[in-house]
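structure.tsv, holding TSV, C-alpha atoms:
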chain	number	residue	atom	x	y	z
A	1	MET	CA	18.47	-5.66	15.07
A	2	ASN	CA	19.58	-5.70	11.48
A	3	ASP	CA	19.74	-8.88	9.41
A	4	ASP	CA	23.40	-9.57	10.25
A	5	GLU	CA	22.78	-9.23	13.98
A	6	LEU	CA	19.80	-11.55	13.70
A	7	ARG	CA	21.93	-14.09	11.88
A	8	LYS	CA	24.78	-13.95	14.37
A	9	ALA	CA	22.47	-14.24	17.34
A	10	TRP	CA	20.54	-17.13	15.85
A	11	GLN	CA	23.70	-18.98	14.92
A	12	ALA	CA	24.90	-18.62	18.54
A	13	ARG	CA	21.78	-20.33	19.93
A	14	HIS	CA	21.87	-23.62	21.79
A	15	PRO	CA	21.79	-26.53	19.34
A	16	GLY	CA	18.28	-27.73	18.61
A	17	THR	CA	17.11	-31.15	19.62
A	18	SER	CA	14.19	-31.54	17.21
A	19	ALA	CA	13.98	-34.60	15.01
A	20	GLU	CA	16.21	-34.09	12.02
A	21	PRO	CA	15.06	-35.36	8.61
A	22	SER	CA	16.27	-38.73	7.42
A	23	PRO	CA	18.96	-38.80	4.73
A	24	GLU	CA	16.29	-39.86	2.24
A	25	GLU	CA	14.14	-36.84	3.10
A	26	LEU	CA	17.15	-34.57	2.63
A	27	GLN	CA	17.80	-36.19	-0.72
A	28	ARG	CA	14.21	-35.50	-1.82
A	29	LEU	CA	14.61	-31.90	-0.72
A	30	VAL	CA	17.74	-31.26	-2.78
A	31	ALA	CA	16.38	-33.25	-5.72
A	32	ARG	CA	13.32	-30.95	-5.66
A	33	GLU	CA	10.96	-33.90	-5.27
A	34	GLY	CA	7.57	-33.40	-3.65
A	35	THR	CA	5.49	-30.30	-3.15
A	36	ASP	CA	6.85	-27.02	-1.87
A	37	ASP	CA	5.03	-27.54	1.43
A	38	GLU	CA	6.54	-30.97	1.95
A	39	ARG	CA	10.03	-29.76	1.14
A	40	LEU	CA	9.72	-26.64	3.29
A	41	GLU	CA	8.74	-28.82	6.21
A	42	ILE	CA	11.83	-30.99	5.67
A	43	LEU	CA	13.97	-27.87	5.30
A	44	ASP	CA	12.58	-26.46	8.54
A	45	ARG	CA	13.47	-29.61	10.45
A	46	ALA	CA	16.89	-29.85	8.84
A	47	LEU	CA	17.84	-26.32	9.84
A	48	SER	CA	16.48	-26.75	13.36
A	49	SER	CA	19.42	-28.93	14.31
A	50	SER	CA	23.12	-28.55	13.71
A	51	ARG	CA	23.38	-32.18	12.54
A	52	GLY	CA	20.61	-31.75	10.02
A	53	SER	CA	22.10	-28.49	8.76
A	54	ARG	CA	25.47	-30.10	8.25
A	55	ASP	CA	24.03	-33.08	6.38
A	56	LEU	CA	21.85	-30.84	4.25
A	57	GLU	CA	24.79	-28.65	3.31
A	58	LEU	CA	26.81	-31.61	2.04
A	59	LEU	CA	23.96	-32.79	-0.19
A	60	ARG	CA	23.05	-29.27	-1.27
A	61	ALA	CA	26.63	-28.43	-2.24
A	62	ILE	CA	26.95	-31.57	-4.38
A	63	SER	CA	23.59	-30.96	-6.05
A	64	GLN	CA	24.27	-27.28	-6.65
A	65	ALA	CA	27.77	-27.95	-7.97
A	66	GLY	CA	26.27	-30.47	-10.39
A	67	ARG	CA	23.85	-27.85	-11.66
A	68	LEU	CA	26.56	-25.24	-11.99
A	69	ASP	CA	28.81	-27.67	-13.86
A	70	GLN	CA	26.49	-27.92	-16.84
A	71	PRO	CA	26.91	-24.58	-18.62
A	72	ARG	CA	26.61	-25.98	-22.14
A	73	ARG	CA	23.51	-27.98	-21.35
A	74	TRP	CA	22.06	-24.95	-19.63
A	75	TRP	CA	22.77	-22.85	-22.70
A	76	ARG	CA	21.26	-25.40	-25.05
A	77	SER	CA	18.08	-25.63	-23.02
A	78	THR	CA	17.63	-21.91	-22.63
A	79	ALA	CA	18.92	-20.70	-25.99
A	80	PRO	CA	15.60	-21.25	-27.80
A	81	LEU	CA	13.80	-19.44	-24.99
A	82	ALA	CA	16.29	-16.58	-25.09
A	83	LEU	CA	15.96	-16.33	-28.86
A	84	ALA	CA	12.17	-16.36	-28.65
A	85	ALA	CA	12.26	-13.70	-25.93
A	86	SER	CA	14.57	-11.52	-28.05
A	87	VAL	CA	12.29	-11.81	-31.08
A	88	LEU	CA	9.30	-11.00	-28.92
A	89	LEU	CA	11.01	-7.97	-27.39
A	90	VAL	CA	12.04	-6.63	-30.80
A	91	THR	CA	8.54	-7.18	-32.16
A	92	VAL	CA	6.94	-5.46	-29.20
A	93	GLY	CA	9.42	-2.61	-29.50
A	94	VAL	CA	8.68	-2.13	-33.20
A	95	LEU	CA	4.94	-2.28	-32.58
A	96	LEU	CA	5.19	0.24	-29.77
A	97	ARG	CA	7.16	2.62	-31.95
A	98	ARG	CA	4.63	2.24	-34.72
A	99	ASP	CA	1.90	2.79	-32.21
A	100	VAL	CA	3.43	6.08	-31.12
A	101	ALA	CA	4.08	7.15	-34.70
A	102	ARG	CA	0.55	6.34	-35.71
A	103	GLU	CA	-1.02	8.10	-32.79
A	104	GLU	CA	-2.35	10.84	-34.98
A	105	THR	CA	-3.81	8.63	-37.65
A	106	ARG	CA	-5.11	5.53	-35.90
A	107	ALA	CA	-8.78	4.86	-35.51
A	108	THR	CA	-10.80	5.42	-32.36
A	109	PRO	CA	-9.04	3.63	-29.49
A	110	ALA	CA	-10.62	0.81	-27.58
A	111	ASP	CA	-11.75	3.08	-24.75
A	112	GLY	CA	-13.74	5.28	-27.22
A	113	SER	CA	-11.93	8.49	-26.34
A	114	PRO	CA	-11.33	11.16	-29.01
A	115	VAL	CA	-8.11	10.86	-31.00
A	116	LEU	CA	-6.33	14.17	-31.48
A	117	VAL	CA	-5.04	15.01	-34.94
A	118	ALA	CA	-3.65	18.56	-34.89
A	119	PRO	CA	-1.72	20.44	-33.60
A	120	ALA	CA	0.91	17.74	-33.21
A	121	THR	CA	2.42	16.92	-29.85
A	122	ASP	CA	4.70	19.72	-28.61
A	123	ALA	CA	3.82	21.85	-31.64
A	124	HIS	CA	4.56	25.56	-31.55
A	125	VAL	CA	1.51	27.33	-32.89
A	126	THR	CA	0.43	30.86	-33.65
A	127	ASP	CA	-2.88	32.42	-32.81
A	128	PRO	CA	-5.56	31.55	-33.86
A	129	VAL	CA	-5.12	27.81	-33.50
A	130	ASN	CA	-6.91	25.13	-35.49
A	131	PHE	CA	-7.69	22.10	-33.33
A	132	VAL	CA	-8.57	18.90	-35.20
A	133	TRP	CA	-9.60	15.45	-33.88
A	134	GLN	CA	-11.32	12.31	-35.04
A	135	ALA	CA	-15.03	11.76	-34.62
A	136	VAL	CA	-16.27	9.56	-31.79
A	137	PRO	CA	-19.30	7.40	-32.66
A	138	GLY	CA	-22.42	8.64	-30.87
A	139	ALA	CA	-20.91	11.98	-29.78
A	140	ARG	CA	-23.42	14.84	-29.96
A	141	SER	CA	-20.75	17.50	-29.62
A	142	TYR	CA	-17.22	18.10	-28.42
A	143	ARG	CA	-15.59	20.42	-25.95
A	144	VAL	CA	-12.03	21.55	-26.56
A	145	GLU	CA	-10.27	22.55	-23.37
A	146	LEU	CA	-7.00	24.43	-23.06
A	147	LEU	CA	-5.30	23.86	-19.70
A	148	SER	CA	-2.28	25.42	-18.08
A	149	ASP	CA	0.61	23.20	-16.98
A	150	ALA	CA	-0.84	23.35	-13.49
A	151	GLY	CA	-4.11	21.94	-14.83
A	152	THR	CA	-6.15	25.16	-14.62
A	153	LEU	CA	-8.73	25.59	-17.37
A	154	VAL	CA	-7.68	28.51	-19.56
A	155	THR	CA	-10.47	28.41	-22.11
A	156	SER	CA	-12.90	25.96	-23.70
A	157	ILE	CA	-14.93	25.80	-26.88
A	158	GLU	CA	-17.91	23.58	-27.58
A	159	THR	CA	-18.68	22.47	-31.14
A	160	PRO	CA	-20.61	19.72	-32.98
A	161	ASP	CA	-17.73	19.47	-35.51
A	162	THR	CA	-14.40	17.76	-35.29
A	163	THR	CA	-12.49	21.01	-35.73
A	164	ALA	CA	-12.37	24.20	-33.75
A	165	ARG	CA	-10.65	27.45	-34.48
A	166	SER	CA	-9.75	29.28	-31.34
A	167	ALA	CA	-8.37	32.74	-30.80
A	168	LEU	CA	-6.17	32.45	-27.75
A	169	ALA	CA	-4.88	36.01	-27.64
A	170	GLY	CA	-5.98	37.55	-24.39
A	171	VAL	CA	-6.47	34.23	-22.60
A	172	ALA	CA	-3.13	32.48	-23.18
A	173	ARG	CA	0.39	33.87	-22.89
A	174	ALA	CA	2.87	33.70	-25.74
A	175	ASP	CA	5.86	31.38	-25.31
A	176	SER	CA	4.01	29.39	-22.70
A	177	SER	CA	3.10	25.73	-22.98
A	178	TYR	CA	-0.40	24.39	-22.49
A	179	ARG	CA	-2.18	21.09	-22.75
A	180	TRP	CA	-5.28	20.61	-24.79
A	181	VAL	CA	-7.86	17.87	-24.60
A	182	VAL	CA	-11.06	17.14	-26.47
A	183	VAL	CA	-14.03	15.86	-24.51
A	184	ALA	CA	-16.67	13.92	-26.47
A	185	LEU	CA	-20.15	14.66	-25.11
A	186	LEU	CA	-22.24	11.52	-25.40
A	187	PRO	CA	-25.93	10.88	-24.68
A	188	GLU	CA	-27.12	10.74	-21.08
A	189	GLY	CA	-24.42	13.11	-19.91
A	190	VAL	CA	-21.53	10.73	-20.56
A	191	GLU	CA	-18.24	12.49	-21.29
A	192	VAL	CA	-15.10	10.86	-22.68
A	193	ALA	CA	-11.87	12.85	-22.72
A	194	SER	CA	-8.91	12.39	-25.03
A	195	ARG	CA	-5.36	12.06	-23.76
A	196	PRO	CA	-3.90	15.55	-23.30
A	197	ARG	CA	-1.42	16.89	-25.82
A	198	ARG	CA	1.11	19.64	-25.19
A	199	VAL	CA	1.19	22.77	-27.33
A	200	THR	CA	3.18	26.01	-27.08
A	201	LEU	CA	1.77	29.34	-28.22
A	202	LYS	CA	4.31	31.34	-30.18
A	203	ALA	CA	4.51	35.08	-30.01
A	204	PRO	CA	2.81	36.74	-33.02
B	1	MET	CA	50.71	-43.88	-21.17
B	2	ALA	CA	48.84	-47.20	-20.93
B	3	PRO	CA	45.06	-47.06	-21.55
B	4	ALA	CA	44.33	-47.94	-17.91
B	5	ASP	CA	46.62	-45.16	-16.72
B	6	ALA	CA	45.05	-42.71	-19.13
B	7	GLY	CA	41.58	-43.65	-17.88
B	8	SER	CA	42.72	-43.30	-14.29
B	9	ALA	CA	44.26	-39.90	-14.92
B	10	ALA	CA	41.12	-38.69	-16.70
B	11	LEU	CA	38.94	-39.92	-13.86
B	12	ASP	CA	41.18	-38.34	-11.24
B	13	ALA	CA	41.05	-35.02	-13.08
B	14	LEU	CA	37.28	-35.18	-13.42
B	15	ILE	CA	36.75	-36.12	-9.78
B	16	ALA	CA	39.16	-33.42	-8.61
B	17	ARG	CA	37.30	-30.83	-10.67
B	18	CYS	CA	33.90	-31.92	-9.31
B	19	ALA	CA	35.19	-32.02	-5.73
B	20	ASP	CA	36.65	-28.54	-6.11
B	21	LYS	CA	33.32	-27.26	-7.31
B	22	VAL	CA	31.51	-28.82	-4.35
B	23	ARG	CA	34.03	-27.33	-1.93
B	24	MET	CA	33.61	-23.96	-3.58
B	25	VAL	CA	29.81	-24.09	-3.31
B	26	GLY	CA	29.93	-25.22	0.32
B	27	ARG	CA	32.76	-22.95	1.49
B	28	ALA	CA	30.47	-20.09	2.49
B	29	HIS	CA	28.46	-22.47	4.65
B	30	ARG	CA	31.36	-24.11	6.46
B	31	LEU	CA	31.16	-27.37	4.61
B	32	ASP	CA	34.08	-29.41	5.93
B	33	PRO	CA	36.53	-30.05	3.06
B	34	ALA	CA	37.43	-33.35	4.72
B	35	GLU	CA	33.83	-34.52	4.25
B	36	VAL	CA	34.03	-33.71	0.56
B	37	ASP	CA	37.32	-35.60	0.28
B	38	GLU	CA	35.83	-38.65	1.97
B	39	VAL	CA	32.78	-38.63	-0.31
B	40	PHE	CA	34.83	-38.26	-3.47
B	41	GLN	CA	37.23	-41.02	-2.42
B	42	GLU	CA	34.18	-43.23	-2.32
B	43	VAL	CA	33.06	-41.86	-5.70
B	44	ARG	CA	36.34	-42.92	-7.25
B	45	ILE	CA	35.95	-46.48	-5.97
B	46	ARG	CA	32.34	-46.67	-7.13
B	47	VAL	CA	33.10	-45.40	-10.60
B	48	TRP	CA	35.98	-47.86	-11.05
B	49	THR	CA	33.78	-50.69	-9.84
B	50	ALA	CA	30.82	-49.75	-12.03
B	51	VAL	CA	32.71	-48.80	-15.18
B	52	ALA	CA	35.39	-51.38	-15.80
B	53	SER	CA	36.59	-50.12	-19.15
B	54	SER	CA	39.18	-47.37	-19.01
B	55	GLU	CA	37.96	-45.99	-22.36
B	56	ARG	CA	34.48	-45.60	-20.95
B	57	ILE	CA	35.85	-43.99	-17.80
B	58	ALA	CA	37.67	-41.42	-19.90
B	59	ASP	CA	34.37	-40.48	-21.56
B	60	LEU	CA	32.33	-40.20	-18.37
B	61	PRO	CA	30.29	-37.00	-18.10
B	62	ALA	CA	30.55	-34.87	-14.98
B	63	SER	CA	26.85	-35.45	-14.33
B	64	TYR	CA	27.59	-39.13	-13.71
B	65	VAL	CA	30.20	-38.21	-11.11
B	66	TYR	CA	27.79	-35.85	-9.35
B	67	ARG	CA	25.05	-38.48	-9.28
B	68	THR	CA	27.51	-40.96	-7.82
B	69	ALA	CA	28.61	-38.33	-5.31
B	70	GLU	CA	25.01	-37.79	-4.19
B	71	SER	CA	24.62	-41.47	-3.55
B	72	ALA	CA	28.00	-41.70	-1.79
B	73	ALA	CA	27.11	-38.66	0.34
B	74	LEU	CA	23.87	-40.29	1.45
B	75	ASP	CA	25.76	-43.36	2.64
B	76	PHE	CA	28.33	-41.13	4.29
B	77	ILE	CA	25.57	-39.32	6.20
B	78	ARG	CA	24.00	-42.61	7.26
B	79	ARG	CA	27.33	-43.88	8.57
B	80	ARG	CA	28.05	-40.62	10.36
B	81	ARG	CA	24.65	-40.59	12.00
B	82	ALA	CA	25.11	-44.14	13.18
B	83	ARG	CA	28.44	-43.18	14.75
B	84	ARG	CA	27.00	-40.03	16.32
B	85	ASP	CA	24.04	-41.87	17.78
B	86	ASP	CA	26.48	-44.12	19.61
B	87	ALA	CA	28.37	-41.13	20.96
B	88	THR	CA	25.49	-38.72	21.68
B	89	ASP	CA	25.72	-38.77	25.49
B	90	SER	CA	29.41	-38.08	25.72
B	91	ILE	CA	29.21	-35.29	23.13
B	92	ASP	CA	26.38	-33.51	24.97
B	93	GLN	CA	28.11	-33.90	28.33
B	94	GLY	CA	31.28	-32.50	26.85
B	95	ARG	CA	29.38	-29.54	25.41
B	96	ASP	CA	27.82	-28.70	28.79
B	97	ILE	CA	31.18	-28.71	30.48
B	98	GLU	CA	32.60	-26.55	27.71
B	99	ASP	CA	29.71	-24.10	28.11
B	100	ALA	CA	30.32	-23.76	31.84
B	101	ARG	CA	34.07	-23.34	31.70
B	102	VAL	CA	34.93	-21.58	28.48
B	103	HIS	CA	32.11	-19.35	27.31
B	104	ALA	CA	32.27	-15.77	28.45
B	105	PRO	CA	29.15	-13.99	29.79
B	106	GLU	CA	28.64	-12.13	26.53
B	107	GLN	CA	28.53	-15.43	24.70
B	108	PHE	CA	25.83	-16.62	27.06
B	109	GLU	CA	23.98	-13.41	26.29
B	110	ALA	CA	24.31	-14.03	22.58
B	111	ARG	CA	23.02	-17.55	23.07
B	112	GLU	CA	20.12	-16.27	25.09
B	113	LEU	CA	19.20	-13.93	22.25
B	114	GLY	CA	19.64	-16.74	19.76
B	115	ASP	CA	17.34	-18.93	21.79
B	116	ALA	CA	14.76	-16.12	21.89
B	117	ILE	CA	14.92	-15.93	18.10
B	118	GLU	CA	14.48	-19.69	17.89
B	119	LEU	CA	11.40	-19.45	20.12
B	120	ALA	CA	9.99	-16.59	18.04
B	121	LEU	CA	10.50	-18.65	14.90
B	122	ALA	CA	7.97	-21.10	16.28
B	123	ASP	CA	5.30	-18.42	15.80
B	124	LEU	CA	5.86	-18.37	12.04
B	125	VAL	CA	4.05	-20.63	9.62
B	126	VAL	CA	6.28	-23.47	8.44
B	127	SER	CA	6.64	-22.19	4.89
B	128	ARG	CA	8.05	-18.86	6.04
B	129	ARG	CA	9.91	-20.31	9.00
B	130	ALA	CA	11.95	-22.64	6.81
B	131	VAL	CA	12.96	-19.86	4.47
B	132	VAL	CA	13.89	-17.57	7.36
B	133	ARG	CA	15.93	-20.33	9.01
B	134	MET	CA	17.82	-20.77	5.78
B	135	TYR	CA	18.46	-17.04	5.56
B	136	LEU	CA	19.58	-16.90	9.20
B	137	ALA	CA	21.88	-19.84	8.54
B	138	GLY	CA	23.68	-17.63	6.02
B	139	TYR	CA	22.10	-18.61	2.74
B	140	GLY	CA	21.24	-15.88	0.25
B	141	SER	CA	17.99	-15.61	-1.62
B	142	GLY	CA	19.68	-16.98	-4.76
B	143	GLU	CA	20.74	-20.11	-2.90
B	144	ILE	CA	17.32	-20.48	-1.32
B	145	GLY	CA	15.73	-20.16	-4.74
B	146	ALA	CA	18.15	-22.72	-6.22
B	147	LEU	CA	17.40	-25.24	-3.48
B	148	MET	CA	13.64	-24.82	-3.71
B	149	GLY	CA	13.45	-24.43	-7.48
B	150	TRP	CA	12.16	-20.87	-7.19
B	151	THR	CA	13.20	-17.70	-8.91
B	152	GLU	CA	15.48	-15.44	-6.87
B	153	PRO	CA	12.85	-12.65	-6.64
B	154	ARG	CA	10.31	-15.11	-5.26
B	155	ALA	CA	12.78	-16.36	-2.66
B	156	ARG	CA	13.77	-12.79	-1.78
B	157	ASN	CA	10.14	-11.83	-1.33
B	158	LEU	CA	9.49	-14.78	1.00
B	159	VAL	CA	12.61	-13.98	3.02
B	160	TYR	CA	11.53	-10.37	3.32
B	161	ARG	CA	8.04	-11.28	4.49
B	162	GLY	CA	9.35	-13.98	6.82
B	163	LEU	CA	11.82	-11.59	8.46
B	164	ALA	CA	9.01	-9.09	8.99
B	165	ASP	CA	6.98	-11.82	10.70
B	166	LEU	CA	10.00	-12.79	12.81
B	167	ARG	CA	10.63	-9.21	13.96
B	168	GLU	CA	6.97	-8.92	14.88
B	169	ALA	CA	7.15	-12.17	16.85
B	170	LEU	CA	10.34	-10.99	18.59
B	171	SER	CA	8.71	-7.70	19.44
B	172	ARG	CA	5.81	-9.54	21.09
B	173	ARG	CA	8.38	-11.36	23.20
B	174	GLY	CA	10.06	-8.15	24.28
B	175	VAL	CA	12.99	-8.35	21.87
B	176	GLY	CA	13.24	-5.04	20.07
B	177	PRO	CA	15.74	-3.37	17.76
B	178	GLU	CA	18.27	-3.12	20.61
B	179	GLY	CA	18.06	-6.79	21.48
B	180	MET	CA	16.71	-8.26	24.71
B	181	GLN	CA	14.74	-5.81	26.88

Any chance you could put this one into structure tokens?
Amino acid sequence: MNDDELRKAWQARHPGTSAEPSPEELQRLVAREGTDDERLEILDRALSSSRGSRDLELLRAISQAGRLDQPRRWWRSTAPLALAASVLLVTVGVLLRRDVAREETRATPADGSPVLVAPATDAHVTDPVNFVWQAVPGARSYRVELLSDAGTLVTSIETPDTTARSALAGVARADSSYRWVVVALLPEGVEVASRPRRVTLKAP
Amino acid sequence: MAPADAGSAALDALIARCADKVRMVGRAHRLDPAEVDEVFQEVRIRVWTAVASSERIADLPASYVYRTAESAALDFIRRRRARRDDATDSIDQGRDIEDARVHAPEQFEARELGDAIELALADLVVSRRAVVRMYLAGYGSGEIGALMGWTEPRARNLVYRGLADLREALSRRGVGPEGMQ
């Protein structure tokens, strides 16, 4: 049964005989007084009987109409919040953009992974390629990995420096895109990888 | 126009606007327009009694009218319940006779299914049951949220989970996607 069929069937049931809430209880319900649990219990009883449902609807409609009939007050009360939210969104947006723009120059991120410097994201490079990244505190050496789009390792170079010059001819195809990552090799076998960056090898 | 007439006209316009809004809100849920009329007739009397000055009446905010309407509606409900309590036996007897004579077999079937749903609702915890009842009564998640002071997504989520519980309870009672089995 879909929701509509459920509704129709339920509305066709025999009228309930359970104790309906008092008018005062219904008033507390629509005035949002009391805890959720208390009000849900009143609501449950109200909707169990046709009399309670009818009484509730009268009070609910008046209360809801009163709320809807206060657009200016609503605007005044929410305008500061809306303004604050807009300022916050703009600020976050600007910061995010700066964050992206500074990706190549910012310091070591909080997770301690290597920060890639060059080639830039989506750069088209010619062979041989100079890979550059920022040092990671405590790293004994680094491993540069070149991966195909499918994630297969194409080649890797290990170096104690923060640069590596790699001849890709013979291992990578021209006009194909790859991803490169730098893995910092830390004491006790700990490895921390950078975020991958896409690079395309141009034909010579 | 005399000041008293001007105050009366302003009050009539304000009350008519508020009553229209209430009727509009309640229309989807079969709120009887006659009930609204009766309540707002009482509102008019109460406002005139409470606010003697026509100048003050002309400046009344709508919120005052709605608060008065809530109070008038409570008294209206009390009076109606008192009348209904006096007439309960005859109403129920009349309903039984109507059931036997008028309702077609398919309507009995629909009622049987409705009663099965009502029984299955008893399996739900109160918090979900109330929300599901409201949904089954035709209220949308926005209206449920407005009544309970919740956000619409929260109300929608509770409806969704409650309906899942209800379908499970119905299934345990042999009521599947095709209805009674």

| task | In Å, rounded to a single decimal, give me how far atom CA of A:Ala172 is from atom CA of A:Arg143. | result | 17.6 Å

| Which of these, B:Arg172, B:Arg44, B:Arg56, B:Arg30, has the shortest distance to chain A once you count all atoms listed in the file? | B:Arg30

Give me the residues of chain A that have any atom at most 6 Å from an atom of chain B; for each, the nearest atom pair and the distance in Å, rounded to one decimal. Use all atoms listed in the file, sort by chain and number, and format it as JSON lines.
{"residue": "A:Met1", "atom": "CA", "partner": "B:Pro177", "partner_atom": "CA", "distance": 4.5}
{"residue": "A:Arg7", "atom": "CA", "partner": "B:Leu136", "partner_atom": "CA", "distance": 4.5}
{"residue": "A:Ala9", "atom": "CA", "partner": "B:Gly114", "partner_atom": "CA", "distance": 4.5}
{"residue": "A:Trp10", "atom": "CA", "partner": "B:Gly114", "partner_atom": "CA", "distance": 4.0}
{"residue": "A:Ala12", "atom": "CA", "partner": "B:Arg111", "partner_atom": "CA", "distance": 5.0}
{"residue": "A:Arg13", "atom": "CA", "partner": "B:Gly114", "partner_atom": "CA", "distance": 4.2}
{"residue": "A:Leu40", "atom": "CA", "partner": "B:Ser127", "partner_atom": "CA", "distance": 5.6}
{"residue": "A:Leu43", "atom": "CA", "partner": "B:Ala130", "partner_atom": "CA", "distance": 5.8}
{"residue": "A:Asp44", "atom": "CA", "partner": "B:Ala130", "partner_atom": "CA", "distance": 4.2}
{"residue": "A:Ala61", "atom": "CA", "partner": "B:Gly26", "partner_atom": "CA", "distance": 5.3}
{"residue": "A:Ile62", "atom": "CA", "partner": "B:Val22", "partner_atom": "CA", "distance": 5.3}
{"residue": "A:Ala65", "atom": "CA", "partner": "B:Val22", "partner_atom": "CA", "distance": 5.3}
{"residue": "A:Gly66", "atom": "CA", "partner": "B:Tyr66", "partner_atom": "CA", "distance": 5.7}

| Distance of atom CA of A:Arg195 from atom CA of A:Ala120, expressed in Å to one decimal place |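 Distance between the two atoms: 12.7 Å.
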
| query | Please, what distance in Å, to one decimal, runs between atom CA of A:Leu186 and atom CA of A:Val171? | reply |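 So the answer is 27.8 Å.
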